[in-house]
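Have a look at structure35.cif; it's mmCIF, C-alpha atoms:
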data_protein
loop_
_atom_site.label_atom_id
_atom_site.label_comp_id
_atom_site.auth_asym_id
_atom_site.auth_seq_id
_atom_site.Cartn_x
_atom_site.Cartn_y
_atom_site.Cartn_z
CA MET A 88 13.00 9.70 10.19
CA ASN A 89 16.34 11.13 11.27
CA LYS A 90 15.78 14.82 10.57
CA LYS A 91 13.07 16.61 12.55
CA ILE A 92 10.85 18.73 10.36
CA ASP A 93 9.71 22.03 11.83
CA ALA A 94 8.26 25.26 10.45
CA THR A 95 11.68 26.53 9.29
CA THR A 96 12.83 23.35 7.51
CA TRP A 97 13.45 23.74 3.78
CA VAL A 98 11.89 21.00 1.66
CA TYR A 99 11.90 20.44 -2.08
CA VAL A 100 8.78 20.08 -4.20
CA LEU A 101 7.99 19.78 -7.88
CA ILE A 102 6.53 22.91 -9.48
CA GLN A 103 4.43 22.71 -12.64
CA ASN A 104 4.68 25.61 -15.13
CA PRO A 105 7.42 27.50 -13.24
CA ASP A 106 7.48 30.29 -15.85
CA GLY A 107 3.97 31.49 -15.11
CA ASN A 108 0.82 30.22 -13.43
CA GLU A 109 3.04 27.98 -11.33
CA GLN A 110 1.52 25.29 -9.16
CA ILE A 111 2.86 22.92 -6.56
CA VAL A 112 2.43 19.40 -7.90
CA GLY A 113 0.12 17.22 -5.86
CA GLN A 114 -0.76 13.55 -6.23
CA HIS A 115 -3.81 11.46 -5.44
CA ASP A 116 -3.57 7.97 -3.98
CA LYS A 117 -6.74 6.34 -5.37
CA GLU A 118 -6.36 3.22 -3.25
CA ASN A 119 -6.49 5.22 0.01
CA ASP A 120 -8.43 8.20 -1.43
CA VAL A 121 -5.93 10.74 -0.14
CA SER A 122 -4.41 13.78 -1.84
CA PHE A 123 -0.85 14.66 -0.95
CA ILE A 124 2.10 16.82 -1.92
CA PRO A 125 5.31 14.85 -2.45
CA ALA A 126 8.23 16.61 -0.74
CA PHE A 127 11.90 15.79 -0.27
CA LEU A 128 14.40 16.80 2.40
CA GLY A 129 17.26 17.36 -0.04
CA LYS A 130 17.67 18.62 -3.57
CA GLU A 131 19.58 15.52 -4.72
CA ALA A 132 16.84 13.25 -3.32
CA ALA A 133 14.25 15.38 -5.14
CA GLU A 134 16.14 15.20 -8.43
CA GLN A 135 16.19 11.41 -8.23
CA GLY A 136 12.75 10.94 -6.64
CA VAL A 137 10.76 13.01 -9.15
CA MET A 138 11.66 10.45 -11.81
CA PHE A 139 9.13 8.13 -10.12
CA MET A 140 6.33 10.71 -10.13
CA PRO A 141 3.71 10.86 -12.89
CA ARG A 142 3.75 14.10 -14.86
CA GLU A 143 1.48 15.54 -17.52
CA LYS A 144 2.86 15.74 -21.03
CA GLY A 145 3.40 19.23 -22.37
CA ASN A 146 3.97 20.88 -18.99
CA LYS A 147 7.29 22.21 -17.72
CA TYR A 148 8.47 21.12 -14.29
CA GLN A 149 11.10 22.40 -11.91
CA ILE A 150 12.26 21.38 -8.44
CA GLN A 151 12.07 24.29 -6.01
CA ALA A 152 12.82 24.72 -2.33
CA ILE A 153 10.04 25.95 -0.06
CA ILE A 154 10.00 26.54 3.66
CA TYR A 155 7.87 23.89 5.37
CA GLU A 156 5.61 26.45 7.06
CA ASP A 157 4.57 27.88 3.66
CA LEU A 158 4.06 24.42 2.18
CA ALA A 159 2.00 23.38 5.19
CA ARG A 160 -0.20 26.48 4.86
CA PHE A 161 -0.78 25.69 1.17
CA ALA A 162 -1.53 22.04 2.01
CA VAL A 163 -4.10 22.97 4.67
CA GLU A 164 -5.80 25.52 2.40
CA ASN A 165 -6.05 22.98 -0.42
CA GLN A 166 -6.78 19.88 1.70
CA PHE A 167 -3.54 18.01 1.02
CA LEU A 168 -1.32 15.92 3.26
CA ILE A 169 2.44 16.14 2.82
CA PHE A 170 4.39 12.96 2.16
CA ILE A 171 8.14 13.10 2.66
CA LEU A 172 9.71 10.85 0.03
CA ASP A 173 13.19 9.41 -0.35
CA GLU A 174 15.30 9.36 -3.51
CA ASP A 175 13.53 6.18 -4.65
CA GLY A 176 10.10 7.83 -4.42
CA LYS A 177 9.15 5.80 -1.33
CA VAL A 178 7.18 7.43 1.48
CA LYS A 179 9.31 8.00 4.57
CA GLU A 180 6.85 10.11 6.57
CA LYS A 181 3.24 11.28 6.26
CA LEU A 182 2.41 14.70 7.68
CA ALA A 183 -0.96 16.28 8.33
CA PRO A 184 0.09 19.94 8.48
CA GLY A 185 -2.89 21.22 10.42
CA MET A 186 -1.90 18.91 13.25
CA VAL A 187 1.85 19.49 12.96
CA LEU A 188 1.64 23.29 13.05
CA GLY A 189 -1.51 23.60 15.11
CA ALA A 190 -3.28 25.40 12.26
#

Show me the file's structure as structure tokens.
Amino acid sequence: MNKKIDATTWVYVLIQNPDGNEQIVGQHDKENDVSFIPAFLGKEAAEQGVMFMPREKGNKYQIQAIIYEDLARFAVENQFLIFILDEDGKVKEKLAPGMVLGA
């Protein structure tokens, strides 16, 4: 991966129900039994990449920027990994936030 991700890096995630009771969208890889939050390094990559993500009918979704440190804290608290995806929805990097930030 070309760009180094640190605590102050902005990443883009998909938010479900952004108008109230908002939640960061997570995914579950059944084959590897791992839960993860898909994240993107750029807004344009996120806009293209979310097209490959499954979404629940009837919910509103919005791409939002979040500082990596806050996303990592959320991921640790909710037992998620963070997968950095490219614009085609392919995994570029897998991050275990507790290890990355020493949490």

* A:Val178, A:Val121, A:Val137, A:Leu128 ranked by distance to A:Tyr155, top pick (using only C-alpha atoms) ->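 Smallest separation from A:Tyr155 among the options: A:Leu128.
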
Which polymer residues have any atom within 7 Å of an atom of stretch 159-169 of chain A, counting all atoms listed in the file, with same-chain residues fewer than 5 positions away left out, as a PDB file with C-alpha atoms, in the frame of the given file?
ATOM      1  CA  SER A 122      -4.410  13.780  -1.840  1.00  0.00           C
ATOM      2  CA  PHE A 123      -0.850  14.660  -0.950  1.00  0.00           C
ATOM      3  CA  ILE A 124       2.100  16.820  -1.920  1.00  0.00           C
ATOM      4  CA  PRO A 125       5.310  14.850  -2.450  1.00  0.00           C
ATOM      5  CA  ALA A 126       8.230  16.610  -0.740  1.00  0.00           C
ATOM      6  CA  LYS A 181       3.240  11.280   6.260  1.00  0.00           C
ATOM      7  CA  LEU A 182       2.410  14.700   7.680  1.00  0.00           C
ATOM      8  CA  ALA A 183      -0.960  16.280   8.330  1.00  0.00           C
ATOM      9  CA  PRO A 184       0.090  19.940   8.480  1.00  0.00           C
ATOM     10  CA  GLY A 185      -2.890  21.220  10.420  1.00  0.00           C
TER      11      GLY A 185
END

* **Contact residues around A:Lys177 with all atoms listed in the file at 10 Å, ignoring same-chain residues under 3 positions, as JSON, numbers by chain** => {"A": [125, 136, 139, 170, 171, 172, 173, 174, 180]}

With all atoms listed in the file counted and 10 Å as the cut-off, give the residues of stretch 140-190 of chain A in contact with stretch 106-109 of chain A, each with its shortest interatomic distance in Å and the pair that gives it, as CSV.
residue,atom,partner,partner_atom,distance
A:Lys147,CA,A:Asp106,CA,8.3
A:Tyr148,CA,A:Glu109,CA,9.2
A:Gln149,CA,A:Asp106,CA,9.5

Using all atoms listed in the file, I'd like a table of the residues in stretch 113-161 of chain A that come within 6 Å of stretch 88-100 of chain A; for each, show the closest atom pair and its distance in Å rounded to one decimal, ordered by chain and ascending number, as a Markdown table.
| residue | atom | partner | partner_atom | distance |
| --- | --- | --- | --- | --- |
| A:Ala126 | CA | A:Val100 | CA | 4.9 |
| A:Phe127 | CA | A:Tyr99 | CA | 5.0 |
| A:Leu128 | CA | A:Val98 | CA | 4.9 |
| A:Ile150 | CA | A:Val100 | CA | 5.6 |
| A:Gln151 | CA | A:Tyr99 | CA | 5.5 |
| A:Ala152 | CA | A:Tyr99 | CA | 4.4 |
| A:Ile153 | CA | A:Val98 | CA | 5.6 |
| A:Ile154 | CA | A:Trp97 | CA | 4.4 |
| A:Tyr155 | CA | A:Ala94 | CA | 5.3 |
| A:Glu156 | CA | A:Ala94 | CA | 4.5 |

* Mind pulling up the distance from atom CA of A:Gln114 to atom CA of A:Glu134? ->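 Atom-to-atom, atom CA of A:Glu134 to atom CA of A:Gln114, that is 17.1 Å.
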
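Here atom CA of A:Glu131 is placed at a distance of 27.9 Å from atom CA of A:Lys117.
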
Would you mind completing stretch 153-187 of chain A to N, CA and C atoms and writing the output as a compact mmCIF listing (two decimals), in the frame of the given file?
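Below is the file part-v1.txt, written as the result:
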# COMPACT_ATOMS: atom_id res chain seq x y z
N ILE A 153 11.08 25.17 -0.72
CA ILE A 153 10.04 25.95 -0.06
C ILE A 153 10.16 25.70 1.43
N ILE A 154 9.93 26.71 2.21
CA ILE A 154 10.00 26.54 3.66
C ILE A 154 8.76 25.73 4.09
N TYR A 155 8.95 24.80 5.00
CA TYR A 155 7.87 23.89 5.37
C TYR A 155 6.61 24.64 5.83
N GLU A 156 6.77 25.69 6.56
CA GLU A 156 5.61 26.45 7.06
C GLU A 156 4.73 26.94 5.90
N ASP A 157 5.34 27.41 4.82
CA ASP A 157 4.57 27.88 3.66
C ASP A 157 3.91 26.71 2.93
N LEU A 158 4.64 25.61 2.81
CA LEU A 158 4.06 24.42 2.18
C LEU A 158 2.90 23.89 3.00
N ALA A 159 3.06 23.86 4.30
CA ALA A 159 2.00 23.38 5.19
C ALA A 159 0.76 24.26 5.08
N ARG A 160 0.93 25.56 5.01
CA ARG A 160 -0.20 26.48 4.86
C ARG A 160 -0.94 26.18 3.56
N PHE A 161 -0.19 26.02 2.47
CA PHE A 161 -0.78 25.69 1.17
C PHE A 161 -1.53 24.35 1.26
N ALA A 162 -0.91 23.37 1.90
CA ALA A 162 -1.53 22.04 2.01
C ALA A 162 -2.85 22.11 2.78
N VAL A 163 -2.88 22.84 3.87
CA VAL A 163 -4.10 22.97 4.67
C VAL A 163 -5.19 23.67 3.85
N GLU A 164 -4.83 24.76 3.19
CA GLU A 164 -5.80 25.52 2.40
C GLU A 164 -6.40 24.71 1.26
N ASN A 165 -5.62 23.76 0.74
CA ASN A 165 -6.05 22.98 -0.42
C ASN A 165 -6.35 21.52 -0.09
N GLN A 166 -6.42 21.21 1.19
CA GLN A 166 -6.78 19.88 1.70
C GLN A 166 -5.85 18.77 1.21
N PHE A 167 -4.55 19.00 1.35
CA PHE A 167 -3.54 18.01 1.02
C PHE A 167 -2.81 17.59 2.29
N LEU A 168 -2.32 16.36 2.30
CA LEU A 168 -1.32 15.92 3.26
C LEU A 168 0.03 16.19 2.61
N ILE A 169 1.09 16.04 3.37
CA ILE A 169 2.44 16.14 2.82
C ILE A 169 3.13 14.81 3.09
N PHE A 170 3.63 14.21 2.03
CA PHE A 170 4.39 12.96 2.16
C PHE A 170 5.85 13.28 1.89
N ILE A 171 6.70 12.96 2.85
CA ILE A 171 8.14 13.10 2.66
C ILE A 171 8.62 11.82 1.98
N LEU A 172 9.24 11.99 0.82
CA LEU A 172 9.71 10.85 0.03
C LEU A 172 11.23 10.77 0.06
N ASP A 173 11.74 9.57 -0.21
CA ASP A 173 13.19 9.41 -0.35
C ASP A 173 13.56 9.46 -1.83
N GLU A 174 14.83 9.26 -2.13
CA GLU A 174 15.30 9.36 -3.51
C GLU A 174 14.74 8.28 -4.43
N ASP A 175 14.15 7.23 -3.85
CA ASP A 175 13.53 6.18 -4.65
C ASP A 175 12.03 6.39 -4.81
N GLY A 176 11.52 7.53 -4.31
CA GLY A 176 10.10 7.83 -4.42
C GLY A 176 9.25 7.11 -3.38
N LYS A 177 9.88 6.52 -2.38
CA LYS A 177 9.15 5.80 -1.33
C LYS A 177 8.82 6.75 -0.18
N VAL A 178 7.64 6.58 0.38
CA VAL A 178 7.18 7.43 1.48
C VAL A 178 7.96 7.11 2.75
N LYS A 179 8.57 8.15 3.32
CA LYS A 179 9.31 8.00 4.57
C LYS A 179 8.49 8.51 5.76
N GLU A 180 7.65 9.52 5.49
CA GLU A 180 6.85 10.11 6.57
C GLU A 180 5.62 10.76 5.97
N LYS A 181 4.49 10.64 6.67
CA LYS A 181 3.24 11.28 6.26
C LYS A 181 2.91 12.35 7.28
N LEU A 182 2.68 13.57 6.80
CA LEU A 182 2.41 14.70 7.68
C LEU A 182 1.05 15.29 7.38
N ALA A 183 0.31 15.57 8.44
CA ALA A 183 -0.96 16.28 8.33
C ALA A 183 -0.69 17.66 8.90
N PRO A 184 -0.38 18.65 8.02
CA PRO A 184 0.09 19.94 8.48
C PRO A 184 -0.75 20.65 9.51
N GLY A 185 -2.05 20.55 9.43
CA GLY A 185 -2.89 21.22 10.42
C GLY A 185 -2.58 20.74 11.82
N MET A 186 -2.23 19.48 11.95
CA MET A 186 -1.90 18.91 13.25
C MET A 186 -0.47 19.24 13.64
N VAL A 187 0.44 19.25 12.68
CA VAL A 187 1.85 19.49 12.96
C VAL A 187 2.07 20.93 13.43
